[in-house]
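> Can you read through this structure? Questions will come right after.
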Number of protein chains: 2
Amino acid sequence: MGRQARAAAYQLAKLSAADKNAILRAMAASIRAHAPELLEANDLDLAAGAAKGLSAAMLDRLRLDATRIEAMAAGIDQVATLPDPVGQVMEAWERPNGMKIEQVRVPIGTIGIIYESRPNVTADAAVLCFKTGNATILRGGSEAIHSNRAIAAALGTAGAPEFAIQLIPFTDRESVAALAQMDQWLDLIIPRGGKGLIEAVVALARMPVIKHYDGICHLFVDQAADLAMAVALTVDAKTQKCGVCNALETLLVHRKAAPGFLPQVAAALRAKQVELRGCEETCAILTDSVPATEQDWSTEYLDLILSIKVVGSLDEAVTHINTYGSHHTDTIVTADEATAERFLREVDSACVFHNVSNRFADGGEFGFGAEIGISTDKLHARGPMGLRELTSYQYRVRGSGQTKA
Amino acid sequence: MGRQARAAAYQLAKLSAADKNAILRAMAASIRAHAPELLEANDLDLAAGAAKGLSAAMLDRLRLDATRIEAMAAGIDQVATLPDPVGQVMEAWERPNGMKIEQVRVPIGTIGIIYESRPNVTADAAVLCFKTGNATILRGGSEAIHSNRAIAAALGTAGAPEFAIQLIPFTDRESVAALAQMDQWLDLIIPRGGKGLIEAVVALARMPVIKHYDGICHLFVDQAADLAMAVALTVDAKTQKCGVCNALETLLVHRKAAPGFLPQVAAALRAKQVELRGCEETCAILTDSVPATEQDWSTEYLDLILSIKVVGSLDEAVTHINTYGSHHTDTIVTADEATAERFLREVDSACVFHNVSNRFADGGEFGFGAEIGISTDKLHARGPMGLRELTSYQYRVRGSGQTKA
């Protein structure tokens, strides 16, 4: 499969954007046309899941229905409309000896995607990789194997080069280990799933892995903050959707702002059923909040729980974030530009925000059109990953016989 | 050491370009001032190496003298004059909701450098990382341990933040394994050395590794090549310096060009003492050349040896390069623009050249000012790596209270 993926990647690299977009639209049409087969296969997975005793939430993640299948197809049509980064000239310059150098975006080559139960990842990930000229080897979870096979089969009838999208038909652990070792054939692995899955892949992989770890995100209310704005941003960042990686987990409040701000924000958060866990100083002001433990500062709740800590300075806020955070997305609320600029520069996170809700850390909100995830790595792709982050580059140099000697 | 490196990285991130350049000039001065200590330490390494029976070539790589120490110091002064990529705005745009997004270059953070015998790597690598605001942990080879310690000590007196440059005082294998596992503290490892070293690090590492593997470089003489130019480029690429990764290893010749070209190029190469190993068709034309074996096509000679193969088409040349090459640097010589453009697009290598010697695949020749190596990876850095490739980026978003709800 690795050898086949490499060969397919060379065919993919030759396709024009128009070729790829036509195939993408055919893939969307094929997903729609094969809806009955997809539903039938999904029924097998759902029955096996129920028999295995999967939770209602797990079964819901596994479920396909007409609406979800249409959403999958519409998503593919939408990817066809996005600009193709392949071939873009990133930089061009000429050397004194007359050589003309271009740095040009090219496909990465071959990408392994290892994911858990949701079958729509089969289409989403494969299609973003296809759009950027990469061949994929997909290894989904056992719960969705019938659905995944049906989706991969539907994508496969749309005219893409043979082996451009391959699904491993097994779901044993050995197949993950085998993928992770074949660095000759696979240029990159992207695990999509929980921390356990990602760590297992990292421990095994010989090739680069782009990781999407936790979001332990902070919002710091500076002494110079507009308190009404700070309340609105805190409530939005915590409650607009709380089970996602860019949701707020820890609120930091400058000591001088705490007495005025904490009662206001607590009332607004409690109206949204948020449990508050405070440091000693917070509990002294919000007498009915739960005391936070050391463990709270490094916990991603993904729930209606917020830890709150009073800090004495910007430096203390920055140090707390760099120490306990996950370097995902952190916000400062302040009317003081100099303080904001220091925060943006000194916080070591993929996304650093000034007077904006953390929830905007998202490829869609950034205008990328599509997102394969939010990388917590610092190499290659950091933060929201769009199509551009699924490309590499090469240097193309044109000359007239220049020699070094 | 990892914890100290991380703390130092946060201090480094706060330094301005002017601060860093002043410290770099102080480092250069300190290397010059400590020349006697460096020579004394180096004598210990040379004596131990001679006692261990190191080859003359190995001993030469290990040797420091006044000229080499001055070159090391001058190299540091030169790095101080280069532009600092940190803080550069790569892209900036505004979203419909008024959020202003900037993608800004920032230091990677902490970098481990694992290298073999040459002591100058201690200064070269640490200084390039320092310039880009990265803290380093250096782990050199046992042969140069006294020299490495003396160099690190000299760098350490120049006013850099404490622990910005740390040298592991041991040279046991366990220290490599320990480094490779501490992904919490180390953002990147760059091994500098032979294939065995790189593979050992790749097998162990949990964090990204930027690899500098072989250069099995090709030059393809198309049927539409200017033969005089093709001879000059072949001779330059093979003989201007043959022990380096961007030297030519395999010459591919279009069947229609072979009868006219091969005798000319063979005469020129033999005048430079190059041994020729040809495919069957080559040997039929160059009757005194050695027959090449399958092994030759995937061999990096790093010597005055060249393998030669006749191919029937551009497609055959591209397939040969993508199959047997190391995706480093490959050249086409042709007067046909359309053929050249297909070659540049279809060859899956970091550097693809048209009518230019392969030997120009080099950070200096590209105008980068300094080079940490030539990456054979496709993620993050591909091809010649300058200062820019030692940076990551972050998204800085400035708003006025935008919420998602």
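Here's how to read the names in the structure tokens: chain A, B, ... by the order shown, residue numbers from 1 in each chain, ligand numbers from 1 in the order shown.
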Set out as a tab-separated table a contact list for region 292-364 of chain A and region 246-256 of chain A with a cut-off of 7 Å, giving each residue of region 292-364 of chain A that qualifies its closest atom pair and distance in Å to one decimal, counting only C-alpha atoms, ordered by chain and rising residue number.


residue	atom	partner	partner_atom	distance
A:Trp297	CA	A:Thr250	CA	7.0
A:Glu300	CA	A:Glu249	CA	6.2
A:Tyr301	CA	A:Glu249	CA	6.6
A:Leu306	CA	A:Glu249	CA	5.3
A:Ser307	CA	A:Thr250	CA	4.7
A:Ile308	CA	A:Leu251	CA	4.7
A:Lys309	CA	A:Leu252	CA	5.0
A:Val310	CA	A:Val253	CA	4.8
A:Val311	CA	A:His254	CA	5.1
A:Gly312	CA	A:Arg255	CA	5.3
A:Ser313	CA	A:His254	CA	6.4
A:Ala317	CA	A:Leu252	CA	6.7
A:Thr329	CA	A:Asn246	CA	6.5
A:Asn358	CA	A:Asn246	CA	6.0
A:Arg359	CA	A:Asn246	CA	5.3
A:Ala361	CA	A:Asn246	CA	6.2

> I need the residues in region 18-230 of chain B that are helix (DSSP H, G or I) according to DSSP; give them as an NGL selection string.

:B and (18-33 or 35-52 or 56-62 or 66-81 or 120-131 or 142-155 or 173-181 or 195-204 or 227-230)

> Quick one: of B:Gln181, B:Thr339, B:Thr299, B:Gln402, who's nearest to chain A, counting only C-alpha atoms?

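Nearest to chain A: B:Gln402.
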
> Would you pick out the contacts of region 368-371 of chain A at 7 Å or less, using only C-alpha atoms, so that residues sharing its chain but fewer than 5 positions from it are not included, and give the list as an MDAnalysis selection string?

chainID A and resid 82 363 384:387

> Near region 85-92 of chain A, within 12 Å and counting only C-alpha atoms, which residues show up once chain neighbours fewer than 3 positions away are dropped, as a ChimeraX atom specification?

/A:12-18,20,82,95,99-109,128-134,368,386-398 /B:90-91,341,344-346,366-367

> Identify, on the basis of only C-alpha atoms, every residue whose closest approach to region 197-202 of chain B does not exceed 7 Å; exclude the query and any residue fewer than 3 positions from it along the same chain; express the result as an MDAnalysis selection string.

(chainID A and resid 206) or (chainID B and resid 180 191 193:194 205 209 211)

> Name the closest residue to Asp222 (chain A) among the candidates A:Val333, A:Leu38, A:Ala152, A:Ile321; distances are taken between atoms, counting only C-alpha atoms.

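Checking each of A:Val333, A:Leu38, A:Ala152, A:Ile321 against Asp222 (chain A), counting only C-alpha atoms, the winner is A:Val333.
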